[in-house]
Protein chains: 2
Amino acid sequence: MIRVNKKIEYGVLALLYLADKEDKAASVREMASNCGVPETLLSKIMQSIKNVGYVSAVYGNQGGYKLTKELSEITLLGLTEALDGPIQVAECLEEGTRTCPAKASCRIVAPMNVLNQKIVELFHATSLDTLYVTTEEASEKVAVS
Amino acid sequence: MIRVNKKIEYGVLALLYLADKEDKAASVREMASNCGVPETLLSKIMQSIKNVGYVSAVYGNQGGYKLTKELSEITLLGLTEALDGPIQVAECLEEGTRTCPAKASCRIVAPMNVLNQKIVELFHATSLDTLYVTTEEASEKVAVS
DNA sequence: AGCTATCCGGACTAAATTAGTCTAATAGGT
DNA sequence: ACCTATTAGACTAATTTAGTCCGGATAGCT
Ligand code: FES
Ligand code: FES
């Protein structure tokens, strides 16, 4: 199955939450309890997101995290790279992981590279404002599926 | 990380292998040893692919599997659905798995539905002839990345 | 009929990854 | 000082994925 992991899921959730708070900072505790995410886990996630500059951290009382970019400037690509490193849609695309004996002539690495590129493009084209939808809007969008 | 599993990887590999054999059947043993895939595992994979009609099975000596569709008729969507069921890019999109207390108002299910739809469209648009490339062609295609 | 090569399908085990916890430290505001 | 909150890394638990095993069925060949 092709699936996004929880870090990404929670990351999207947290950033959308922050988007609703305008310029105010929200603490990890606040976000975690409102979003139903384990606090310590979200804490790690926010750190990584901070390290790529999508949010800034404010220490101390009334502190927390604040958005420093527009939702339209935050892409799913940037978020997943922040949380999991570069996208590698198949294991053997990772440098130094190619255990396959076929190596250069391997018939799967080329197709997977093509697919990888497509996913990267899709994730790059998907900024968070694209995902900022209400449940109702979403059900319209996917009505056919 | 967003990653396709080995079943899908091996499935693509096997189907591309069959495409090169024209109308001749290839046994699981042959495919497995040529592609460097565990034989018993590939066996299960081919069964699932057979069940959706992309290949047919020939019993007995000189038997094996044969392609019954054109590569252009085999989509990545069809293949992954054959091997893993419907695409669900996030865990909570599965019916009956929504343990989240927010349920209906949950702020993550809508965005993930949007993303899911995008992935489904991409996989639907990606037929196997798209992936039937040589290593050289592929490196051109991804040169910029 | 009997032999052999192959597919079939489920139950099982092993390996790897992901999810989540714990602990101790640092930073800043009041 | 004290309180709240971030930071960072090591650790454990849970889940998923990958891979094995085995008894059985099917078809062709001699
Ligand atoms: S399986 Fe990736 S190089 Fe062969
Ligand atoms: S996390 Fe999926 S419904 Fe809330």
# chains A, B, ... in the order shown; residues from 1 in each chain; ligands from 1
call {"tool": "interface_residues", "arguments": {"of": "chain A", "to": "chain C", "cutoff": "8 Å", "atoms": "only C-alpha atoms (C1' of nucleotides)", "output": "ChimeraX atom specification"}}
result
/A:5-6,38,40-41,59-61
call {"tool": "select_by_dssp", "arguments": {"residues": "chain B", "states": "helix (DSSP H, G or I)", "output": "VMD selection string"}}
result
chain B and resid 6 to 19 28 to 35 39 to 51 71 to 73 76 to 84 91 to 93 103 to 105 109 to 125 128 to 131 135 to 141
call {"tool": "closest_residue", "arguments": {"among": "B:Ile2, B:Ile108, B:Leu79, B:Met46", "to": "ligand 2", "atoms": "only C-alpha atoms and all ligand atoms"}}
result
B:Ile108
call {"tool": "select_by_dssp", "arguments": {"residues": "region 38-128 of chain B", "states": "strand (DSSP E)", "output": "PDB file with C-alpha atoms, in the first residue's frame"}}
result
ATOM      1  CA  VAL B  55      -2.458 -12.420 -16.737  1.00  0.00           C
ATOM      2  CA  SER B  56      -3.667 -15.961 -17.212  1.00  0.00           C
ATOM      3  CA  ALA B  57      -2.147 -19.077 -15.695  1.00  0.00           C
ATOM      4  CA  VAL B  58      -1.084 -22.127 -17.645  1.00  0.00           C
ATOM      5  CA  GLY B  64       3.432 -20.291 -16.206  1.00  0.00           C
ATOM      6  CA  TYR B  65       1.836 -16.904 -16.635  1.00  0.00           C
ATOM      7  CA  LYS B  66       1.013 -14.975 -19.781  1.00  0.00           C
ATOM      8  CA  LEU B  67      -0.002 -11.361 -20.225  1.00  0.00           C
TER       9      LEU B  67
END
call {"tool": "interface_residues", "arguments": {"of": "chain A", "to": "chain B", "cutoff": "6 Å", "atoms": "only C-alpha atoms", "output": "ChimeraX atom specification"}}
result
/A:1-5,13,84,89-90,108,110-111,131,135,138
call {"tool": "interface_residues", "arguments": {"of": "chain D", "to": "chain B", "cutoff": "8 Å", "atoms": "only C-alpha atoms (C1' of nucleotides)", "output": "list of chain:residue names"}}
result
D:DT17, D:DA18, D:DG19, D:DT20, D:DT26, D:DA27, D:DG28
call {"tool": "atom_distance", "arguments": {"atom1": "CA of Thr75 (chain A)", "atom2": "CA of Asp20 (chain A)"}}
result
17.5 Å
call {"tool": "decode", "arguments": {"residues": "region 3-19 of chain B", "atoms": "N, CA, C and O atoms", "output": "JSON list (two decimals), in the first residue's frame"}}
result
[["chain", "number", "residue", "atom", "x", "y", "z"],
["B", 3, "ARG", "N", 5.80, 5.53, 0.46],
["B", 3, "ARG", "CA", 6.54, 4.48, -0.25],
["B", 3, "ARG", "C", 5.62, 3.37, -0.70],
["B", 3, "ARG", "O", 4.69, 3.00, -0.01],
["B", 4, "VAL", "N", 5.94, 2.88, -1.87],
["B", 4, "VAL", "CA", 5.22, 1.76, -2.45],
["B", 4, "VAL", "C", 5.84, 0.48, -1.90],
["B", 4, "VAL", "O", 7.04, 0.44, -1.66],
["B", 5, "ASN", "N", 5.04, -0.52, -1.62],
["B", 5, "ASN", "CA", 5.65, -1.71, -1.01],
["B", 5, "ASN", "C", 6.22, -2.67, -2.05],
["B", 5, "ASN", "O", 6.06, -2.48, -3.25],
["B", 6, "LYS", "N", 6.88, -3.68, -1.54],
["B", 6, "LYS", "CA", 7.59, -4.62, -2.41],
["B", 6, "LYS", "C", 6.63, -5.37, -3.34],
["B", 6, "LYS", "O", 6.99, -5.71, -4.46],
["B", 7, "LYS", "N", 5.45, -5.65, -2.84],
["B", 7, "LYS", "CA", 4.49, -6.37, -3.70],
["B", 7, "LYS", "C", 4.29, -5.61, -4.99],
["B", 7, "LYS", "O", 4.30, -6.19, -6.08],
["B", 8, "ILE", "N", 4.10, -4.31, -4.88],
["B", 8, "ILE", "CA", 3.86, -3.49, -6.06],
["B", 8, "ILE", "C", 5.13, -3.43, -6.92],
["B", 8, "ILE", "O", 5.07, -3.60, -8.14],
["B", 9, "GLU", "N", 6.25, -3.24, -6.26],
["B", 9, "GLU", "CA", 7.52, -3.20, -6.97],
["B", 9, "GLU", "C", 7.71, -4.50, -7.77],
["B", 9, "GLU", "O", 7.98, -4.47, -8.98],
["B", 10, "TYR", "N", 7.56, -5.61, -7.09],
["B", 10, "TYR", "CA", 7.75, -6.90, -7.75],
["B", 10, "TYR", "C", 6.69, -7.15, -8.82],
["B", 10, "TYR", "O", 6.97, -7.77, -9.85],
["B", 11, "GLY", "N", 5.50, -6.67, -8.57],
["B", 11, "GLY", "CA", 4.43, -6.84, -9.56],
["B", 11, "GLY", "C", 4.76, -6.11, -10.85],
["B", 11, "GLY", "O", 4.61, -6.67, -11.95],
["B", 12, "VAL", "N", 5.21, -4.89, -10.74],
["B", 12, "VAL", "CA", 5.62, -4.11, -11.91],
["B", 12, "VAL", "C", 6.73, -4.84, -12.66],
["B", 12, "VAL", "O", 6.68, -5.05, -13.87],
["B", 13, "LEU", "N", 7.71, -5.26, -11.88],
["B", 13, "LEU", "CA", 8.87, -5.95, -12.45],
["B", 13, "LEU", "C", 8.43, -7.18, -13.23],
["B", 13, "LEU", "O", 8.85, -7.40, -14.39],
["B", 14, "ALA", "N", 7.57, -7.98, -12.64],
["B", 14, "ALA", "CA", 7.14, -9.22, -13.28],
["B", 14, "ALA", "C", 6.34, -8.94, -14.54],
["B", 14, "ALA", "O", 6.52, -9.61, -15.56],
["B", 15, "LEU", "N", 5.47, -7.93, -14.49],
["B", 15, "LEU", "CA", 4.65, -7.64, -15.66],
["B", 15, "LEU", "C", 5.51, -7.12, -16.80],
["B", 15, "LEU", "O", 5.30, -7.46, -17.97],
["B", 16, "LEU", "N", 6.49, -6.29, -16.47],
["B", 16, "LEU", "CA", 7.39, -5.81, -17.52],
["B", 16, "LEU", "C", 8.20, -6.97, -18.11],
["B", 16, "LEU", "O", 8.45, -7.02, -19.31],
["B", 17, "TYR", "N", 8.55, -7.91, -17.26],
["B", 17, "TYR", "CA", 9.27, -9.09, -17.74],
["B", 17, "TYR", "C", 8.41, -9.88, -18.72],
["B", 17, "TYR", "O", 8.86, -10.27, -19.80],
["B", 18, "LEU", "N", 7.15, -10.06, -18.34],
["B", 18, "LEU", "CA", 6.23, -10.81, -19.22],
["B", 18, "LEU", "C", 6.03, -10.08, -20.54],
["B", 18, "LEU", "O", 5.89, -10.71, -21.59],
["B", 19, "ALA", "N", 6.03, -8.76, -20.47],
["B", 19, "ALA", "CA", 5.81, -7.98, -21.69],
["B", 19, "ALA", "C", 6.90, -8.27, -22.72],
["B", 19, "ALA", "O", 6.66, -8.22, -23.93]]
